[in-house]
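Peer 1: Dropping the structure in here first, questions after.
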Amino acid sequence: MMLTMVQPKIVIVGAGPSGAACALSLAKRGGAEVIVLDKSSYPRVKVCGSGLSPHALELLDRLELRARFADRCVHMPRLLARGPEGHEVQLAGREGAWVVPRVEFDNALITEAVRHGASFREETKVTALLRDADGTVRGVTTEHGDLEADLVICANGSPSRFSIDTHPTQGIRTLMGWWTGVALRRDEGVMIWDRRLAGYYLWAFPEPGNVFNIGLTIPEHAAEATHLKPLFEALLDEHFGAALAGAELRGKWMGHPATVTTRIGDIAEGRAMWIGEAARLVSPGSVEGISFAMESGVIAADVIAKHFDRDLGLTLPQRAFYRARIVARMLPKFWAGEAFARLMRSDRARELSAKMLDPQWFASKASRLVGSEPAPPA
């Protein structure tokens, strides 16, 4: 008589890049029932610059998906970074970045996960983690009822209402829009550190279809954050007025919060894990989270496949191992991004660094640490 092993049921909350990458990785491995829940109906618009860094492209290679986006992206091999007093640093790489609108990118990822066997339930909002009497997670509570699971993976973005990380955070607000007919280079992104943004920046990235997405990031407690729309109007006029003179706005401006940190706290329990922005895995310098979201989803899937036991869950050493892998992969890139952002924010820092090193050289080193590689001299 053959014994049939019962597959663990894994519920993933959120179908963004982290949840979809995790679901795809698990589905490809087999051996588990994977159910992805999301409050939205896909495809859905997402507030994001939509830039896929070289690090993100490496993750697409690992997921065997890069070719799927090759003819649906804008190749952006150049980035112009400008400081508060107009000082400019030019980053250019052999690899460069791709820009794929999130409405297409996220939908393609979750579609691929479903193709490999994951289940996807749209318009299903998760309102709480379902816990038993001793506090162990046993599933989720949704607007349609409870769903039990052997393991819950929280990939519900930032800020996650289910987070168990008690470390202080820094909230970031964003506001952005989409324009056609913008008079900017189609192969170059722009990031401008303006003092009114309290250490953060204004950006403009080219998208397919003659579209540019332009937006701002600002700490939520900054003085100017209380009136974002007038601030955005002033910044657009000052920095992109000429480029937008003949452009047309598509739709309305949209905003979204993010959470950044340079430390990683608790991101796992016995029967729950946190990935992507739900685990605060967003670069504090660039507020880039797509690559870290996908990588954390892939790492979580690997840990689950090798270590998760349906009866025992994740042991303390296994949880520590998962966190250690995330720390080792994420924090060096966070620190490099923060260092570059500090250089761009501060005239004094640039003056001091210029006495010891060339800011352009430093920028190239920072870009290499976050996954890029400088182009050879022209």
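In the structure tokens, chains take letters A, B, ... by order of appearance, with residues numbered from 1 within each chain and ligands from 1 in the order shown.
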If we count only C-alpha atoms and set the cut-off at 8 Å, which residues sit around Arg44 in chain A, ignoring sequence neighbours fewer than 2 positions away in its own chain? Please answer as number ranges by chain.
Peer 2: A: 40-42, 46, 103, 107
Peer 1: Counting only C-alpha atoms, what is within 10 Å of range 259-264 of chain A, bar same-chain residues fewer than 3 positions away, as a ChimeraX atom specification?
Peer 2: /A:157-160,165,167-173,219-220,267,277-289,323-324,326-327,330-335,338
Peer 1: Where in range 129-194 of chain A does DSSP assign strand (DSSP E), given as a ChimeraX atom specification?
Peer 2: /A:129-131,137-142,145-148,151-154,170-180,188-193
Peer 1: Output as JSON lines one row per residue of range 243-295 of chain A within 12 Å of range 20-28 of chain A: the closest atom pair and its distance in Å to one decimal place, counting only C-alpha atoms, sorted by chain and residue number ascending.
Peer 2:
```
{"residue": "A:Met273", "atom": "CA", "partner": "A:Cys22", "partner_atom": "CA", "distance": 11.2}
{"residue": "A:Trp274", "atom": "CA", "partner": "A:Cys22", "partner_atom": "CA", "distance": 11.0}
{"residue": "A:Ile275", "atom": "CA", "partner": "A:Cys22", "partner_atom": "CA", "distance": 8.8}
{"residue": "A:Gly276", "atom": "CA", "partner": "A:Cys22", "partner_atom": "CA", "distance": 10.0}
{"residue": "A:Ile290", "atom": "CA", "partner": "A:Ala21", "partner_atom": "CA", "distance": 10.6}
{"residue": "A:Ser291", "atom": "CA", "partner": "A:Ala21", "partner_atom": "CA", "distance": 10.4}
{"residue": "A:Phe292", "atom": "CA", "partner": "A:Ala21", "partner_atom": "CA", "distance": 10.8}
{"residue": "A:Ala293", "atom": "CA", "partner": "A:Ala21", "partner_atom": "CA", "distance": 8.2}
{"residue": "A:Met294", "atom": "CA", "partner": "A:Ala21", "partner_atom": "CA", "distance": 5.4}
{"residue": "A:Glu295", "atom": "CA", "partner": "A:Ala21", "partner_atom": "CA", "distance": 7.9}
```
Peer 1: Filtering to C-alpha atoms, could you give me those residues as a compact mmCIF listing (two decimals), in the first residue's frame?
Peer 2:
```
# COMPACT_ATOMS: atom_id res chain seq x y z
CA MET A 273 7.14 34.78 6.51
CA TRP A 274 7.45 38.34 5.24
CA ILE A 275 8.91 39.31 1.86
CA GLY A 276 9.31 42.41 -0.31
CA ILE A 290 11.25 45.74 -7.26
CA SER A 291 14.54 43.83 -7.36
CA PHE A 292 14.59 43.30 -3.59
CA ALA A 293 10.97 42.16 -3.70
CA MET A 294 11.66 39.52 -6.34
CA GLU A 295 14.86 38.34 -4.70
```
Peer 1: Run DSSP on the backbone and grab whatever in range 58-109 of chain A lands in helix (DSSP H, G or I); send it over as number ranges by chain.
Peer 2: A: 58-62, 66-69, 102-109
Peer 1: Identify, on the basis of only C-alpha atoms, every residue whose closest approach to Ser50 in chain A does not exceed 7 Å; exclude the query and any residue fewer than 4 positions from it along the same chain; express the result as a ChimeraX atom specification.
Peer 2: /A:99-102
Peer 1: What would the file look like if the residues just selected were written as a PDB file, in the first residue's frame with C-alpha atoms?
Peer 2:
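Output below, filename again.pdb:
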```
ATOM      1  CA  VAL A  99      11.473  50.323 -17.807  1.00  0.00           C
ATOM      2  CA  VAL A 100       8.362  48.113 -17.947  1.00  0.00           C
ATOM      3  CA  PRO A 101       5.064  49.611 -16.710  1.00  0.00           C
ATOM      4  CA  ARG A 102       4.007  47.855 -13.539  1.00  0.00           C
TER       5      ARG A 102
END
```
Peer 1: Tell me which of A:Leu249, A:Ala118, A:Ala97, A:Leu79 sits closest to Glu33 in chain A, counting only C-alpha atoms.
Peer 2: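 Checking each candidate against Glu33 in chain A, we get A:Ala118 as the closest.
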Peer 1: Out of A:Leu184, A:Glu58, A:Ile35, A:Asp134, which residue has the shortest atom-to-atom distance to Ala242 in chain A when counting only C-alpha atoms?
Peer 2: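 Nearest to Ala242 in chain A: A:Leu184.
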Peer 1: Separation of CA of Lys9 in chain A and CA of Glu148 in chain A, in Å?
Peer 2: 8.2 Å
Peer 1: Looking at only C-alpha atoms, which of A:Val36, A:Leu175, A:Leu316, A:Ala336 is the one that sits closest to Lys125 in chain A?
Peer 2: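 The closest residue to Lys125 in chain A is A:Val36.
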Peer 1: Using only C-alpha atoms, which of the listed residues (A:His221, A:Arg185, A:Arg319, A:Arg329) sits closest to Val298 in chain A?
Peer 2: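 Nearest to Val298 in chain A: A:Arg329.
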Peer 1: What separation in Å, quoted to one decimal, exists between CA of Leu63 in chain A and CA of Gly297 in chain A?
Peer 2: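 A separation of 11.0 Å between them.
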Peer 1: I'd like to know which of A:Gly246, A:Pro54, A:Pro84, A:Pro230 is closest to Arg342 in chain A, using only C-alpha atoms.
Peer 2: A:Pro84
